[in-house]
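Asks: The structure's right below; bear with me while I get my questions together.
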Amino acid sequence: MDWERIKERLEAVLQTPMHISLISETDWTHLSEEQAEQPVSFCRSIERGQDVLFYLAKEHKDIRVLQVTGAKLTASERKLIEMSVESKQVQEKKQWGAFLSEDERKAYQLRDWLLEQMERGSTYAELPDALASQSSLYSTKIPLLLYGDYSQNQSVSYADLKKLLESFFESEIILIPLMDKEWLILAPEGLLTSGSEEREGDEEESVEQILDALGSGLYEMLANEWVGECHLAIDYPVKPAKSLFATILKLRETIMLGRSFHVGSFIHLRWELRLEKLLHLIEEEEKAEFLEQVLRGTDHALDAETVTTLEHFFTLDCNVSETAKKLYIHRNTLLYRLDKFKNETGLDVRTFNHAVLVRLALLLYKVTKRK
């Protein structure tokens, strides 16, 4: 809903500054019960300190509210705001069915079912046959989770985003809006084999390589033609009718792990974060103890240049020549950096055991340092 427009009109009429924000459903319910002794769905406005909050819409576990800060509203002014908001809500409900395309209507039905499972705290749930069949979810799809890092006030059209995605994939896709800024994309499995004729004679690409290339191209397109930066998680093809909900949970975990362990990365591939998943499960005290045992107080050795060098070294399978090329430095310069790190920490990353220890320490150091 275009709440910004409603806010601007009310500000002009009442000559009072307002802004739109979120409040947890728990806090809203607590305050509404204290003040009105009514369920959240029937309480149109509540007071919080000097502010008056007006109920706009429910968004998962939050309530979007219109906040009038420090204003002394008369009873009639407060009623006017409530009626204006309610009128907009009723109008939107009446227009909902008329303006939604058939694809969008199906997508929102899927969204409602998925959010219901999340509200229940489910870890596994199989789609009802009616939903699976009407959205063609029995065939294998490539699942991608898109999270847009755009402003809370920016509006993203379902129809426009779907059109943009289908233009990129050159194929029909299923797009499901989830939480705010979060979209599930189900692309056809045929994308894994399209273009195979062009690669004839070359070494066959793996599924992981194809999905990586697909994600990289999609991210670049979205960053340039959508509303700015975004995060993209990709997993292996699935049959959504049986595993849609579980797939979403895995993709969310993938984005969480990628953002936690690899700040600055925007494409998160599930098969490349297996080690990070294991490390994430370790207790914080054990992480700190491991770092202390490995680094032994030599954290200063992990400056930005050294971290970048080591990360490239591990990514390129500890190959000195390839790492030097990647970093655009002389081979002897790289060896000097590795020897310097060895002298400061006692760890020679050219040996397997020490390389494993430093690789783990680097991952843990980045997340524990930020905390």
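We label chains A, B, ... in the order they appear in the structure tokens, count residues from 1 in each chain, and number ligands from 1 in the order shown.
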Just the residues within 8 Å of Leu66 in chain A, please, counting only C-alpha atoms, with nothing from its chain fewer than 2 positions along; format it as a ChimeraX atom specification.
Replies: /A:7,18-21,53-56,64,68
Asks: Limited to N, CA, C and O atoms, could you put the picked residues into a file as a short mmCIF file (atom, residue, chain, number, x, y, z; two decimals), in the first residue's frame?
Replies:
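Contents of out18.cif, freshly written:
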data_model
loop_
_atom_site.label_atom_id
_atom_site.label_comp_id
_atom_site.auth_asym_id
_atom_site.auth_seq_id
_atom_site.Cartn_x
_atom_site.Cartn_y
_atom_site.Cartn_z
N LYS A 7 0.28 9.44 4.44
CA LYS A 7 0.98 10.20 5.48
C LYS A 7 1.11 11.68 5.07
O LYS A 7 0.85 12.58 5.87
N MET A 18 4.71 13.40 10.80
CA MET A 18 4.46 11.97 11.04
C MET A 18 5.53 11.16 10.32
O MET A 18 6.17 11.66 9.39
N HIS A 19 5.73 9.94 10.74
CA HIS A 19 6.58 9.05 9.96
C HIS A 19 6.13 7.61 10.14
O HIS A 19 5.44 7.27 11.10
N ILE A 20 6.52 6.78 9.18
CA ILE A 20 6.11 5.37 9.17
C ILE A 20 7.25 4.51 9.71
O ILE A 20 8.41 4.70 9.33
N SER A 21 6.92 3.60 10.61
CA SER A 21 7.94 2.75 11.21
C SER A 21 7.36 1.38 11.51
O SER A 21 6.20 1.09 11.23
N LEU A 53 0.53 5.79 17.87
CA LEU A 53 0.83 4.88 16.78
C LEU A 53 -0.47 4.36 16.17
O LEU A 53 -1.34 3.87 16.89
N PHE A 54 -0.57 4.45 14.84
CA PHE A 54 -1.77 4.01 14.14
C PHE A 54 -1.44 2.75 13.34
O PHE A 54 -0.47 2.71 12.59
N TYR A 55 -2.27 1.74 13.50
CA TYR A 55 -2.08 0.43 12.85
C TYR A 55 -2.28 0.56 11.34
O TYR A 55 -3.34 0.96 10.88
N LEU A 56 -1.24 0.19 10.56
CA LEU A 56 -1.36 0.21 9.11
C LEU A 56 -1.49 -1.20 8.53
O LEU A 56 -2.42 -1.51 7.80
N ARG A 64 3.40 -2.51 10.92
CA ARG A 64 3.77 -1.22 10.33
C ARG A 64 2.81 -0.17 10.87
O ARG A 64 1.59 -0.36 10.84
N VAL A 68 2.82 9.45 15.07
CA VAL A 68 2.70 10.89 15.27
C VAL A 68 3.51 11.21 16.52
O VAL A 68 3.13 10.86 17.63
#
Asks: When DSSP works through the backbone of this structure, what residues of range 44-223 of chain A end up as helix (DSSP H, G or I), shown as a ChimeraX atom specification?
Replies: /A:75-99,102-120,129-134,158-169,189-192,207-223
Asks: Would you please give, as a list in words, all residues of range 206-328 of chain A that DSSP assigns to strand (DSSP E or B) based on the backbone?
Replies: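 Strand (DSSP E or B) members of range 206-328 of chain A, listed: Cys230, His231, Leu232, Ala233, Ile234, Val238, Ile267, His268 and Leu269 of chain A.
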Asks: Next, the residues of the selection above should be written as a PDB file, in the first residue's frame with all heavy atoms.
Replies:
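Okay, this is what ended up in out_33.pdb:
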ATOM      1  N   CYS A 230      21.940  -6.199  -3.910  1.00  0.00           N
ATOM      2  CA  CYS A 230      21.094  -7.282  -3.420  1.00  0.00           C
ATOM      3  C   CYS A 230      21.981  -8.453  -3.031  1.00  0.00           C
ATOM      4  O   CYS A 230      23.171  -8.499  -3.347  1.00  0.00           O
ATOM      5  CB  CYS A 230      20.084  -7.706  -4.494  1.00  0.00           C
ATOM      6  SG  CYS A 230      20.848  -8.327  -6.010  1.00  0.00           S
ATOM      7  N   HIS A 231      21.408  -9.397  -2.304  1.00  0.00           N
ATOM      8  CA  HIS A 231      22.088 -10.642  -1.972  1.00  0.00           C
ATOM      9  C   HIS A 231      21.330 -11.777  -2.642  1.00  0.00           C
ATOM     10  O   HIS A 231      20.097 -11.775  -2.701  1.00  0.00           O
ATOM     11  CB  HIS A 231      22.127 -10.860  -0.458  1.00  0.00           C
ATOM     12  CG  HIS A 231      23.133  -9.985   0.231  1.00  0.00           C
ATOM     13  ND1 HIS A 231      24.434 -10.386   0.477  1.00  0.00           N
ATOM     14  CD2 HIS A 231      23.043  -8.718   0.704  1.00  0.00           C
ATOM     15  CE1 HIS A 231      25.081  -9.404   1.081  1.00  0.00           C
ATOM     16  NE2 HIS A 231      24.267  -8.383   1.224  1.00  0.00           N
ATOM     17  N   LEU A 232      22.087 -12.755  -3.135  1.00  0.00           N
ATOM     18  CA  LEU A 232      21.487 -13.844  -3.886  1.00  0.00           C
ATOM     19  C   LEU A 232      22.039 -15.170  -3.375  1.00  0.00           C
ATOM     20  O   LEU A 232      23.251 -15.360  -3.311  1.00  0.00           O
ATOM     21  CB  LEU A 232      21.833 -13.668  -5.368  1.00  0.00           C
ATOM     22  CG  LEU A 232      21.067 -14.482  -6.396  1.00  0.00           C
ATOM     23  CD1 LEU A 232      19.588 -14.100  -6.392  1.00  0.00           C
ATOM     24  CD2 LEU A 232      21.663 -14.258  -7.782  1.00  0.00           C
ATOM     25  N   ALA A 233      21.147 -16.077  -2.971  1.00  0.00           N
ATOM     26  CA  ALA A 233      21.546 -17.418  -2.535  1.00  0.00           C
ATOM     27  C   ALA A 233      21.025 -18.429  -3.547  1.00  0.00           C
ATOM     28  O   ALA A 233      19.913 -18.296  -4.062  1.00  0.00           O
ATOM     29  CB  ALA A 233      20.984 -17.725  -1.155  1.00  0.00           C
ATOM     30  N   ILE A 234      21.843 -19.447  -3.829  1.00  0.00           N
ATOM     31  CA  ILE A 234      21.490 -20.450  -4.827  1.00  0.00           C
ATOM     32  C   ILE A 234      21.724 -21.835  -4.246  1.00  0.00           C
ATOM     33  O   ILE A 234      22.684 -22.064  -3.511  1.00  0.00           O
ATOM     34  CB  ILE A 234      22.340 -20.287  -6.105  1.00  0.00           C
ATOM     35  CG1 ILE A 234      22.324 -18.825  -6.575  1.00  0.00           C
ATOM     36  CG2 ILE A 234      21.866 -21.215  -7.211  1.00  0.00           C
ATOM     37  CD1 ILE A 234      23.314 -18.529  -7.680  1.00  0.00           C
ATOM     38  N   VAL A 238      15.554 -28.563  -7.127  1.00  0.00           N
ATOM     39  CA  VAL A 238      14.671 -29.307  -6.219  1.00  0.00           C
ATOM     40  C   VAL A 238      13.301 -29.479  -6.877  1.00  0.00           C
ATOM     41  O   VAL A 238      12.993 -28.840  -7.886  1.00  0.00           O
ATOM     42  CB  VAL A 238      14.481 -28.559  -4.877  1.00  0.00           C
ATOM     43  CG1 VAL A 238      15.783 -28.420  -4.131  1.00  0.00           C
ATOM     44  CG2 VAL A 238      13.843 -27.178  -5.129  1.00  0.00           C
ATOM     45  N   ILE A 267      26.905 -12.937  -3.673  1.00  0.00           N
ATOM     46  CA  ILE A 267      26.399 -14.186  -4.238  1.00  0.00           C
ATOM     47  C   ILE A 267      26.822 -15.311  -3.304  1.00  0.00           C
ATOM     48  O   ILE A 267      28.014 -15.514  -3.052  1.00  0.00           O
ATOM     49  CB  ILE A 267      26.965 -14.425  -5.646  1.00  0.00           C
ATOM     50  CG1 ILE A 267      26.665 -13.221  -6.543  1.00  0.00           C
ATOM     51  CG2 ILE A 267      26.377 -15.692  -6.258  1.00  0.00           C
ATOM     52  CD1 ILE A 267      27.402 -13.250  -7.861  1.00  0.00           C
ATOM     53  N   HIS A 268      25.857 -16.033  -2.777  1.00  0.00           N
ATOM     54  CA  HIS A 268      26.130 -17.044  -1.756  1.00  0.00           C
ATOM     55  C   HIS A 268      25.692 -18.419  -2.258  1.00  0.00           C
ATOM     56  O   HIS A 268      24.501 -18.657  -2.501  1.00  0.00           O
ATOM     57  CB  HIS A 268      25.401 -16.677  -0.466  1.00  0.00           C
ATOM     58  CG  HIS A 268      25.600 -15.244  -0.059  1.00  0.00           C
ATOM     59  ND1 HIS A 268      26.816 -14.764   0.375  1.00  0.00           N
ATOM     60  CD2 HIS A 268      24.744 -14.175  -0.072  1.00  0.00           C
ATOM     61  CE1 HIS A 268      26.708 -13.464   0.641  1.00  0.00           C
ATOM     62  NE2 HIS A 268      25.465 -13.088   0.372  1.00  0.00           N
ATOM     63  N   LEU A 269      26.670 -19.297  -2.438  1.00  0.00           N
ATOM     64  CA  LEU A 269      26.426 -20.628  -2.978  1.00  0.00           C
ATOM     65  C   LEU A 269      26.462 -21.646  -1.852  1.00  0.00           C
ATOM     66  O   LEU A 269      27.461 -21.740  -1.126  1.00  0.00           O
ATOM     67  CB  LEU A 269      27.482 -20.967  -4.038  1.00  0.00           C
ATOM     68  CG  LEU A 269      27.679 -19.890  -5.123  1.00  0.00           C
ATOM     69  CD1 LEU A 269      28.861 -20.246  -6.020  1.00  0.00           C
ATOM     70  CD2 LEU A 269      26.409 -19.722  -5.943  1.00  0.00           C
TER      71      LEU A 269
END
Asks: Quick one: of A:Glu170, A:Leu249, A:Lys242, A:Lys79, who's nearest to Ile46 in chain A, counting only C-alpha atoms?
Replies: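 Between A:Glu170, A:Leu249, A:Lys242, A:Lys79, the residue approaching Ile46 in chain A most closely is A:Lys79.
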Asks: How many Å separate CA of Arg78 in chain A from CA of Val13 in chain A?
Replies: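 So the answer is 12.4 Å.
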Asks: For Asp149 in chain A, please output as a PDB file with N, CA and C atoms, in the first residue's frame all residues within 12 Å (counting only C-alpha atoms; exclusion window: fewer than 3 positions along the same chain).
Replies:
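Saved the output as part-v2.pdb:
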ATOM      1  N   LEU A 146      16.364 -14.112  -3.304  1.00  0.00           N
ATOM      2  CA  LEU A 146      16.827 -12.753  -3.569  1.00  0.00           C
ATOM      3  C   LEU A 146      16.438 -11.854  -2.410  1.00  0.00           C
ATOM      4  N   GLN A 152      13.522   1.091   2.855  1.00  0.00           N
ATOM      5  CA  GLN A 152      12.205   0.650   3.319  1.00  0.00           C
ATOM      6  C   GLN A 152      11.087   1.365   2.559  1.00  0.00           C
ATOM      7  N   ASN A 153      11.360   2.569   2.084  1.00  0.00           N
ATOM      8  CA  ASN A 153      10.316   3.356   1.417  1.00  0.00           C
ATOM      9  C   ASN A 153      10.226   3.092  -0.082  1.00  0.00           C
ATOM     10  N   GLN A 154      11.200   2.342  -0.637  1.00  0.00           N
ATOM     11  CA  GLN A 154      11.153   2.044  -2.058  1.00  0.00           C
ATOM     12  C   GLN A 154      10.127   0.950  -2.341  1.00  0.00           C
ATOM     13  N   VAL A 156       8.733  -2.026  -4.807  1.00  0.00           N
ATOM     14  CA  VAL A 156       9.149  -2.958  -5.853  1.00  0.00           C
ATOM     15  C   VAL A 156       7.917  -3.675  -6.380  1.00  0.00           C
ATOM     16  N   ASP A 180       9.533  -8.841   3.736  1.00  0.00           N
ATOM     17  CA  ASP A 180       9.844  -7.557   3.127  1.00  0.00           C
ATOM     18  C   ASP A 180      11.231  -7.624   2.486  1.00  0.00           C
ATOM     19  N   LYS A 181      11.333  -7.264   1.226  1.00  0.00           N
ATOM     20  CA  LYS A 181      12.575  -7.242   0.453  1.00  0.00           C
ATOM     21  C   LYS A 181      13.074  -8.626   0.062  1.00  0.00           C
ATOM     22  N   GLU A 182      12.311  -9.658   0.311  1.00  0.00           N
ATOM     23  CA  GLU A 182      12.772 -11.028   0.093  1.00  0.00           C
ATOM     24  C   GLU A 182      11.889 -11.715  -0.955  1.00  0.00           C
ATOM     25  N   TRP A 183      12.532 -12.318  -1.965  1.00  0.00           N
ATOM     26  CA  TRP A 183      11.818 -12.938  -3.073  1.00  0.00           C
ATOM     27  C   TRP A 183      12.411 -14.315  -3.369  1.00  0.00           C
ATOM     28  N   LEU A 222      20.735  -7.506 -11.875  1.00  0.00           N
ATOM     29  CA  LEU A 222      19.883  -6.903 -10.848  1.00  0.00           C
ATOM     30  C   LEU A 222      20.532  -5.659 -10.244  1.00  0.00           C
ATOM     31  N   ALA A 223      21.837  -5.721 -10.007  1.00  0.00           N
ATOM     32  CA  ALA A 223      22.538  -4.585  -9.406  1.00  0.00           C
ATOM     33  C   ALA A 223      22.490  -3.368 -10.323  1.00  0.00           C
ATOM     34  N   TRP A 226      17.957  -3.104 -11.426  1.00  0.00           N
ATOM     35  CA  TRP A 226      16.897  -3.170 -10.429  1.00  0.00           C
ATOM     36  C   TRP A 226      16.997  -1.936  -9.546  1.00  0.00           C
ATOM     37  N   VAL A 227      16.905  -2.108  -8.215  1.00  0.00           N
ATOM     38  CA  VAL A 227      16.927  -0.945  -7.325  1.00  0.00           C
ATOM     39  C   VAL A 227      18.209  -0.877  -6.496  1.00  0.00           C
ATOM     40  N   GLY A 228      19.288  -1.476  -7.008  1.00  0.00           N
ATOM     41  CA  GLY A 228      20.552  -1.369  -6.286  1.00  0.00           C
ATOM     42  C   GLY A 228      21.095  -2.709  -5.853  1.00  0.00           C
ATOM     43  N   GLU A 229      21.879  -2.694  -4.763  1.00  0.00           N
ATOM     44  CA  GLU A 229      22.537  -3.903  -4.282  1.00  0.00           C
ATOM     45  C   GLU A 229      21.525  -4.939  -3.800  1.00  0.00           C
ATOM     46  N   CYS A 230      21.940  -6.199  -3.910  1.00  0.00           N
ATOM     47  CA  CYS A 230      21.094  -7.282  -3.420  1.00  0.00           C
ATOM     48  C   CYS A 230      21.981  -8.453  -3.031  1.00  0.00           C
ATOM     49  N   HIS A 231      21.408  -9.397  -2.304  1.00  0.00           N
ATOM     50  CA  HIS A 231      22.088 -10.642  -1.972  1.00  0.00           C
ATOM     51  C   HIS A 231      21.330 -11.777  -2.642  1.00  0.00           C
ATOM     52  N   LEU A 232      22.087 -12.755  -3.135  1.00  0.00           N
ATOM     53  CA  LEU A 232      21.487 -13.844  -3.886  1.00  0.00           C
ATOM     54  C   LEU A 232      22.039 -15.170  -3.375  1.00  0.00           C
ATOM     55  N   PHE A 266      28.168 -10.937  -2.334  1.00  0.00           N
ATOM     56  CA  PHE A 266      26.731 -10.787  -2.542  1.00  0.00           C
ATOM     57  C   PHE A 266      26.091 -12.014  -3.181  1.00  0.00           C
TER      58      PHE A 266
END
Asks: List as a short mmCIF file (atom, residue, chain, number, x, y, z; two decimals) with N, CA and C atoms, in the first residue's frame the protein and nucleic acid residues near Ile248 in chain A, meaning an atom at most 12 Å away when only C-alpha atoms are counted, but skip any in the same chain fewer than 2 places from it.
Replies:
data_model
loop_
_atom_site.label_atom_id
_atom_site.label_comp_id
_atom_site.auth_asym_id
_atom_site.auth_seq_id
_atom_site.Cartn_x
_atom_site.Cartn_y
_atom_site.Cartn_z
N ARG A 111 2.79 -17.49 -0.79
CA ARG A 111 3.43 -16.68 0.24
C ARG A 111 2.70 -16.81 1.57
N LEU A 114 3.42 -20.17 3.14
CA LEU A 114 4.79 -20.25 3.64
C LEU A 114 4.96 -19.45 4.93
N LEU A 115 4.38 -18.24 4.96
CA LEU A 115 4.50 -17.42 6.17
C LEU A 115 3.77 -18.05 7.34
N GLN A 117 3.58 -21.26 7.89
CA GLN A 117 4.48 -22.29 8.42
C GLN A 117 5.59 -21.66 9.26
N MET A 118 6.07 -20.50 8.82
CA MET A 118 7.12 -19.82 9.58
C MET A 118 6.60 -19.33 10.93
N SER A 122 7.70 -24.10 12.02
CA SER A 122 7.92 -25.40 11.37
C SER A 122 9.33 -25.47 10.80
N THR A 123 9.88 -26.69 10.74
CA THR A 123 11.16 -26.93 10.09
C THR A 123 10.97 -27.75 8.82
N TYR A 124 9.80 -28.36 8.69
CA TYR A 124 9.48 -29.11 7.47
C TYR A 124 7.97 -29.05 7.25
N ALA A 125 7.57 -28.80 6.03
CA ALA A 125 6.15 -28.77 5.70
C ALA A 125 6.01 -29.03 4.21
N ILE A 142 15.20 -24.64 -10.30
CA ILE A 142 16.42 -24.11 -9.66
C ILE A 142 15.98 -23.04 -8.67
N PRO A 143 16.26 -23.22 -7.38
CA PRO A 143 15.81 -22.23 -6.39
C PRO A 143 16.86 -21.14 -6.13
N LEU A 144 16.40 -19.90 -6.15
CA LEU A 144 17.26 -18.76 -5.83
C LEU A 144 16.51 -17.85 -4.87
N LEU A 145 17.18 -17.40 -3.83
CA LEU A 145 16.57 -16.47 -2.88
C LEU A 145 17.21 -15.10 -3.07
N LEU A 146 16.36 -14.11 -3.30
CA LEU A 146 16.83 -12.75 -3.57
C LEU A 146 16.44 -11.85 -2.41
N ILE A 176 7.92 -15.72 -6.00
CA ILE A 176 7.10 -15.72 -4.80
C ILE A 176 7.64 -14.66 -3.84
N PRO A 177 6.85 -13.62 -3.53
CA PRO A 177 7.29 -12.64 -2.53
C PRO A 177 7.20 -13.27 -1.14
N LEU A 178 8.24 -13.08 -0.33
CA LEU A 178 8.22 -13.65 1.02
C LEU A 178 8.16 -12.51 2.03
N MET A 179 9.20 -12.36 2.83
CA MET A 179 9.24 -11.25 3.77
C MET A 179 9.54 -9.96 3.02
N GLU A 182 12.31 -9.66 0.31
CA GLU A 182 12.77 -11.03 0.09
C GLU A 182 11.89 -11.72 -0.95
N TRP A 183 12.53 -12.32 -1.97
CA TRP A 183 11.82 -12.94 -3.07
C TRP A 183 12.41 -14.31 -3.37
N LEU A 184 11.55 -15.29 -3.57
CA LEU A 184 11.99 -16.62 -3.99
C LEU A 184 11.79 -16.74 -5.50
N ILE A 185 12.84 -17.15 -6.19
CA ILE A 185 12.78 -17.35 -7.63
C ILE A 185 12.93 -18.84 -7.91
N LEU A 186 12.01 -19.41 -8.69
CA LEU A 186 12.11 -20.80 -9.11
C LEU A 186 12.26 -20.80 -10.62
N ALA A 233 21.15 -16.08 -2.97
CA ALA A 233 21.55 -17.42 -2.53
C ALA A 233 21.02 -18.43 -3.55
N ILE A 234 21.84 -19.45 -3.83
CA ILE A 234 21.49 -20.45 -4.83
C ILE A 234 21.72 -21.84 -4.25
N ASP A 235 20.83 -22.77 -4.59
CA ASP A 235 20.99 -24.16 -4.16
C ASP A 235 20.79 -25.06 -5.37
N VAL A 238 15.55 -28.56 -7.13
CA VAL A 238 14.67 -29.31 -6.22
C VAL A 238 13.30 -29.48 -6.88
N PRO A 240 9.84 -28.49 -5.89
CA PRO A 240 9.20 -27.63 -4.90
C PRO A 240 7.99 -28.23 -4.21
N SER A 243 9.57 -30.04 -1.32
CA SER A 243 10.60 -29.46 -0.44
C SER A 243 10.70 -27.94 -0.51
N LEU A 244 9.62 -27.27 -0.91
CA LEU A 244 9.69 -25.82 -1.06
C LEU A 244 10.05 -25.12 0.25
N PHE A 245 9.35 -25.47 1.32
CA PHE A 245 9.56 -24.79 2.60
C PHE A 245 10.98 -25.05 3.13
N ALA A 246 11.41 -26.31 3.08
CA ALA A 246 12.75 -26.66 3.55
C ALA A 246 13.82 -25.95 2.72
N LYS A 250 16.87 -23.35 3.92
CA LYS A 250 18.28 -23.57 3.57
C LYS A 250 18.88 -22.33 2.88
N LEU A 251 18.09 -21.73 1.99
CA LEU A 251 18.58 -20.55 1.28
C LEU A 251 18.76 -19.37 2.23
N ARG A 252 17.85 -19.23 3.18
CA ARG A 252 18.01 -18.16 4.18
C ARG A 252 19.26 -18.38 5.01
N GLU A 253 19.50 -19.63 5.37
CA GLU A 253 20.72 -19.95 6.12
C GLU A 253 21.95 -19.64 5.29
N THR A 254 21.88 -19.91 3.99
CA THR A 254 23.00 -19.64 3.09
C THR A 254 23.34 -18.16 3.06
N ILE A 255 22.32 -17.31 2.94
CA ILE A 255 22.56 -15.86 2.94
C ILE A 255 23.13 -15.41 4.28
N ARG A 270 25.40 -22.39 -1.71
CA ARG A 270 25.26 -23.29 -0.56
C ARG A 270 26.41 -24.29 -0.45
#
Asks: Select, from A:Leu22, A:Leu164, A:Met256, A:Val52, the residue with the minimum atom-to-atom distance to Ala75 in chain A, counting only C-alpha atoms.
Replies: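 Smallest separation from Ala75 in chain A among the options: A:Val52.
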Asks: Any idea what's packed within 9 Å of range 278-282 of chain A, counting only C-alpha atoms, ignoring anything in its chain fewer than 3 positions away? Could you give it as a PyMOL selection string?
Replies: chain A and resi 257+273-275+285-287+360+363-364
Asks: Got time to write the residues from that selection, C-alpha atoms, as a PDB file, in the first residue's frame?
Replies:
ATOM      1  CA  LEU A 257      26.331 -17.624   6.547  1.00  0.00           C
ATOM      2  CA  LEU A 273      29.602 -22.665   2.698  1.00  0.00           C
ATOM      3  CA  ARG A 274      29.705 -26.144   4.219  1.00  0.00           C
ATOM      4  CA  LEU A 275      32.712 -25.349   6.395  1.00  0.00           C
ATOM      5  CA  GLU A 285      33.662 -19.693  23.888  1.00  0.00           C
ATOM      6  CA  GLU A 286      35.055 -22.575  21.857  1.00  0.00           C
ATOM      7  CA  LYS A 287      35.633 -20.295  18.873  1.00  0.00           C
ATOM      8  CA  LEU A 360      39.735 -22.097  10.049  1.00  0.00           C
ATOM      9  CA  LEU A 363      36.995 -17.636   9.094  1.00  0.00           C
ATOM     10  CA  LEU A 364      36.472 -17.469  12.851  1.00  0.00           C
TER      11      LEU A 364
END
Asks: In Å to one decimal, how far is CA of Glu276 in chain A from CA of His262 in chain A?
Replies: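 Result for CA of His262 in chain A versus CA of Glu276 in chain A: 9.7 Å, one decimal.
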Asks: Could you give me, as a count of residues only, the residues within 9 Å of Ser136 in chain A, counting only C-alpha atoms and dropping anything in the same chain fewer than 3 positions from it?
Replies: 6
Asks: Could you list, as an MDAnalysis selection string, every residue within 7 Å of range 297-307 of chain A, counting only C-alpha atoms and ignoring same-chain residues fewer than 4 positions away?
Replies: chainID A and resid 292 311 341 344:345
